[in-house]
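Structure data follow from entry-v6.txt (compact mmCIF, C-alpha atoms and all ligand atoms):
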# COMPACT_ATOMS: atom_id res chain seq x y z
CA MET M 1 -14.49 -40.03 -12.17
CA SER M 2 -11.52 -38.30 -13.79
CA ASP M 3 -9.33 -35.82 -11.75
CA SER M 4 -9.06 -33.59 -14.81
CA ILE M 5 -11.03 -30.36 -14.91
CA LEU M 6 -11.75 -31.10 -18.58
CA PRO M 7 -15.09 -32.73 -19.43
CA GLU M 8 -15.01 -36.51 -19.92
CA ASP M 9 -16.96 -36.32 -23.20
CA PRO M 10 -14.20 -36.48 -25.92
CA ALA M 11 -16.08 -34.13 -28.24
CA ARG M 12 -16.56 -31.50 -25.52
CA ARG M 13 -12.90 -31.88 -24.42
CA ALA M 14 -11.69 -31.24 -27.97
CA ALA M 15 -13.94 -28.22 -28.34
CA LEU M 16 -12.77 -26.75 -25.02
CA ILE M 17 -9.06 -27.27 -25.82
CA THR M 18 -9.52 -25.59 -29.20
CA THR M 19 -11.27 -22.63 -27.57
CA CYS M 20 -8.49 -22.22 -24.93
CA ALA M 21 -5.77 -22.39 -27.56
CA ALA M 22 -7.50 -19.75 -29.63
CA GLY M 23 -7.89 -17.57 -26.55
CA ALA M 24 -4.19 -17.87 -25.68
CA ALA M 25 -3.18 -16.98 -29.21
CA GLY M 26 -5.53 -14.02 -29.07
CA SER M 27 -4.00 -12.80 -25.81
CA ALA M 28 -0.50 -13.09 -27.23
CA ALA M 29 -1.62 -11.16 -30.26
CA VAL M 30 -2.84 -8.37 -27.98
CA ILE M 31 0.17 -8.31 -25.62
CA TRP M 32 2.96 -8.46 -28.20
CA PRO M 33 2.07 -5.29 -30.11
CA PHE M 34 1.63 -3.54 -26.75
CA LEU M 35 5.17 -4.42 -25.65
CA LYS M 36 6.53 -3.62 -29.07
CA SER M 37 4.76 -0.26 -28.97
CA MET M 38 6.81 0.82 -25.92
CA ARG M 39 9.61 3.13 -26.99
CA PRO M 40 13.17 2.00 -26.11
CA SER M 41 13.39 4.66 -23.40
CA GLU M 42 10.20 3.34 -21.77
CA ARG M 43 11.44 -0.21 -21.84
CA ALA M 44 14.76 0.96 -20.36
CA LEU M 45 12.93 2.79 -17.61
CA ALA M 46 10.84 -0.24 -16.85
CA ALA M 47 14.00 -2.26 -16.33
CA GLY M 48 15.93 0.47 -14.50
CA ALA M 49 18.52 0.36 -17.26
CA PRO M 50 20.75 3.26 -18.29
CA VAL M 51 18.97 5.95 -20.29
CA GLU M 52 20.33 7.65 -23.39
CA VAL M 53 19.97 11.41 -23.64
CA ASP M 54 20.24 13.01 -27.05
CA ILE M 55 21.80 16.43 -26.57
CA THR M 56 21.76 17.30 -30.27
CA GLY M 57 20.42 20.76 -30.78
CA MET M 58 20.27 21.77 -27.13
CA ALA M 59 20.48 25.54 -27.01
CA PRO M 60 22.96 27.21 -24.66
CA GLY M 61 21.18 27.65 -21.35
CA GLU M 62 18.62 24.91 -22.08
CA MET M 63 17.75 22.15 -19.62
CA LYS M 64 16.52 18.68 -20.56
CA ARG M 65 14.71 16.41 -18.15
CA VAL M 66 14.79 12.63 -18.35
CA GLU M 67 13.83 9.88 -15.95
CA TRP M 68 16.25 7.26 -14.69
CA ARG M 69 15.18 4.62 -12.17
CA GLY M 70 12.13 6.73 -11.35
CA LYS M 71 14.25 9.80 -10.58
CA PRO M 72 14.34 13.07 -12.52
CA VAL M 73 17.73 13.70 -14.09
CA TRP M 74 18.58 17.11 -15.48
CA VAL M 75 20.99 17.86 -18.27
CA VAL M 76 21.88 21.55 -18.55
CA ARG M 77 23.90 23.01 -21.39
CA ARG M 78 25.72 25.76 -19.55
CA THR M 79 26.72 29.02 -21.19
CA PRO M 80 30.11 30.65 -20.46
CA GLU M 81 28.24 33.04 -18.16
CA MET M 82 26.73 30.10 -16.27
CA LEU M 83 30.18 28.61 -15.80
CA GLN M 84 31.40 31.95 -14.49
CA ALA M 85 28.51 31.91 -12.03
CA VAL M 86 29.72 28.56 -10.68
CA LYS M 87 33.14 30.07 -10.00
CA LYS M 88 31.56 33.05 -8.35
CA TYR M 89 29.89 30.87 -5.74
CA ASP M 90 32.93 28.82 -4.71
CA ALA M 91 33.16 30.59 -1.36
CA GLN M 92 29.42 30.46 -0.66
CA VAL M 93 28.65 26.78 -1.12
CA ALA M 94 28.91 24.17 1.61
CA ASP M 95 30.97 21.56 -0.21
CA PRO M 96 32.75 23.33 -3.08
CA ASP M 97 34.94 20.36 -4.00
CA SER M 98 32.23 17.69 -3.65
CA LYS M 99 34.11 15.83 -0.93
CA ARG M 100 31.10 14.76 1.10
CA THR M 101 30.11 11.17 0.75
CA ALA M 102 26.37 10.94 1.51
CA TYR M 103 25.77 11.31 -2.24
CA PRO M 104 29.25 10.52 -3.53
CA THR M 105 30.18 12.46 -6.63
CA PRO M 106 31.81 10.20 -9.23
CA ALA M 107 35.56 10.82 -9.54
CA TYR M 108 35.16 12.14 -13.11
CA ALA M 109 32.80 14.86 -11.85
CA ARG M 110 34.74 15.80 -8.73
CA ASN M 111 36.08 18.95 -10.34
CA GLU M 112 35.33 22.64 -10.57
CA TYR M 113 32.13 22.23 -12.59
CA ARG M 114 31.08 18.78 -11.32
CA SER M 115 30.96 17.41 -14.83
CA ILE M 116 32.82 15.45 -17.49
CA LYS M 117 32.55 18.34 -19.95
CA PRO M 118 32.14 21.77 -18.36
CA GLU M 119 29.42 22.70 -20.85
CA TYR M 120 27.04 19.97 -19.68
CA LEU M 121 25.80 19.49 -16.14
CA VAL M 122 24.13 16.16 -15.33
CA VAL M 123 22.46 15.94 -11.90
CA VAL M 124 19.60 14.17 -10.17
CA GLY M 125 16.85 16.72 -9.62
CA ILE M 126 16.02 15.71 -6.06
CA CYS M 127 16.78 17.94 -3.08
CA THR M 128 19.09 16.29 -0.56
CA HIS M 129 16.99 17.61 2.33
CA LEU M 130 13.67 15.80 2.17
CA GLY M 131 13.38 14.86 -1.47
CA CYS M 132 11.44 17.67 -3.16
CA SER M 133 12.35 18.52 -6.72
CA PRO M 134 13.94 21.98 -6.96
CA THR M 135 13.08 24.36 -9.78
CA ASP M 136 15.52 25.89 -12.19
CA LYS M 137 16.18 29.57 -11.60
CA PHE M 138 18.37 30.54 -14.51
CA GLN M 139 17.24 34.13 -14.66
CA VAL M 140 19.87 36.31 -13.03
CA GLY M 141 19.26 39.25 -10.72
CA PRO M 142 17.13 39.93 -7.65
CA GLN M 143 13.95 37.90 -7.23
CA PRO M 144 11.92 36.50 -4.33
CA SER M 145 13.65 33.93 -2.07
CA LEU M 146 17.03 34.33 -3.78
CA PRO M 147 20.11 36.49 -3.06
CA ASP M 148 20.05 39.91 -4.72
CA ASP M 149 23.19 39.12 -6.68
CA TRP M 150 21.69 35.87 -7.97
CA ALA M 151 23.71 34.46 -10.88
CA GLY M 152 21.54 31.42 -11.62
CA GLY M 153 20.99 28.01 -10.09
CA PHE M 154 18.20 25.98 -8.53
CA PHE M 155 15.73 26.69 -5.75
CA CYS M 156 13.89 24.13 -3.64
CA PRO M 157 10.51 25.59 -2.74
CA CYS M 158 9.84 23.13 0.10
CA HIS M 159 12.22 24.66 2.66
CA GLY M 160 14.19 27.19 0.66
CA SER M 161 17.47 25.45 -0.14
CA ILE M 162 19.41 26.96 -3.02
CA PHE M 163 21.95 25.31 -5.28
CA ASP M 164 24.34 26.80 -7.82
CA LEU M 165 24.62 25.84 -11.49
CA ALA M 166 26.83 22.90 -10.57
CA GLY M 167 24.20 21.58 -8.16
CA ARG M 168 26.25 22.64 -5.12
CA VAL M 169 24.18 23.58 -2.09
CA PHE M 170 24.76 26.95 -0.52
CA SER M 171 26.04 27.05 3.07
CA ASN M 172 23.53 27.08 5.95
CA MET M 173 20.66 25.62 3.97
CA PRO M 174 18.28 22.87 5.11
CA ALA M 175 19.71 20.61 2.40
CA PRO M 176 22.91 19.05 3.72
CA ASP M 177 24.50 18.02 0.44
CA ASN M 178 25.02 18.86 -3.18
CA LEU M 179 22.63 17.45 -5.76
CA GLU M 180 23.66 13.95 -6.75
CA VAL M 181 25.65 13.47 -9.94
CA PRO M 182 24.46 10.13 -11.37
CA PRO M 183 26.88 7.76 -13.08
CA HIS M 184 27.03 8.79 -16.71
CA THR M 185 29.25 8.80 -19.75
CA TYR M 186 29.35 10.13 -23.31
CA LEU M 187 28.54 7.65 -26.05
CA SER M 188 29.36 10.33 -28.61
CA ASP M 189 29.45 14.12 -28.82
CA SER M 190 25.66 14.12 -29.05
CA LYS M 191 24.65 11.29 -26.69
CA ILE M 192 24.98 10.93 -22.95
CA LEU M 193 24.25 7.64 -21.24
CA VAL M 194 22.84 8.16 -17.75
CA GLY M 195 23.06 5.30 -15.29
CA THR M 196 26.44 3.81 -15.99
CA ASP M 197 30.11 4.77 -16.06
CA ALA M 198 32.50 4.63 -18.98
CA GLU M 199 34.28 1.58 -17.52
CA GLN M 200 30.95 -0.15 -17.07
CA VAL M 201 29.68 0.38 -20.63
CA GLY M 202 31.74 -2.45 -22.12
CA LYS M 203 30.71 -4.81 -19.33
CA ASP M 204 27.02 -3.85 -19.63
CA THR M 205 26.98 -4.62 -23.32
CA ALA M 206 29.29 -7.69 -23.19
S1 LIG M 301 13.20 19.29 0.57
FE1 LIG M 301 14.40 20.81 -0.39
S2 LIG M 301 14.76 22.22 1.17
FE2 LIG M 301 13.63 20.68 2.15
Can you present the structure in this file as structure tokens?
Amino acid sequence: MSDSILPEDPARRAALITTCAAGAAGSAAVIWPFLKSMRPSERALAAGAPVEVDITGMAPGEMKRVEWRGKPVWVVRRTPEMLQAVKKYDAQVADPDSKRTAYPTPAYARNEYRSIKPEYLVVVGICTHLGCSPTDKFQVGPQPSLPDDWAGGFFCPCHGSIFDLAGRVFSNMPAPDNLEVPPHTYLSDSKILVGTDAEQVGKDTA
């Protein structure tokens, strides 16, 4: 008796092989369009690759949300007033110069506004306390859970941590650190690449 799982009858073997081949071709025909149908950003996410953010047409004060390696990343186009608000909070935040190292701020964002270009903030939207996602609170003025002189920022509803418009945590909050600034760079005036640094871009695409 043969060890093969195929039938010994030559006619039946041929018929079975033909059927399997047709089935495999059919499966490929189903899978390929499915993979092709994934948008580039979805394929990049699946691989954990850097993600491009198109900032064309973002209005002043607008926030865009993208996903990078399963994490929410926020891009905020800050107005001059929002940048003033960052300055205003220098004395009230726990780590004004982003010197702490639990979530190291890249060297190119270790500056007054924690960004490459002051106009655009790029941060990971995950609270450094226990991982909730804060909400944007861009409306200025008194409101529940925020200081009366609120000038805009982010609020974590889980345990009440507040962050300014540079993602810096206020002093004496449950969250110990500023929001993380992910590695990122500008591909052009209208495109930010999140997930890699400028020096890395050439190597990534080499
Ligand atoms: S998880 Fe944000 S304050 Fe606790």
Completion exercise
Shortest contact to Ala109 of chain M, candidates M:Pro50, M:Pro183, M:Gly61, M:Gly195, atoms counted all atoms listed in the file, goes to M:Pro183
Exercise for the section: Could you report the residues within 7 Å of ligand LIG 301 (chain M), using all atoms listed in the file, as a PyMOL selection string? Expected result: chain M and resi 127-132+134+156-161+174-175
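Atom CA of Thr105 of chain M lies 20.0 Å from atom CA of Glu52 of chain M.
With all atoms listed in the file as the atoms that count, the minimum distance from Thr185 of chain M to the choices M:Pro106, M:Gly153, M:Pro144, M:Gly57 is reached by M:Pro106.
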Problem - Using all atoms listed in the file: which of M:Arg100, M:Asn172, M:Asn111, M:Ala198 has the shortest distance to Tyr186 of chain M - result: M:Ala198
Handout entry: Distance query His184 of chain M at most 7 Å, all atoms listed in the file, self and fewer than 3 positions along chain excluded, as an MDAnalysis selection string
Key = chainID M and resid 192:197
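Note that the spacing between atom CA of Tyr103 of chain M and atom CA of Lys191 of chain M amounts to 24.5 Å.
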Fill in the blank from the handout: Across M:Glu112, M:Gln139, M:Glu67, M:Ser133, the smallest distance to Glu81 of chain M, with only C-alpha atoms counted, is shown by M:Gln139
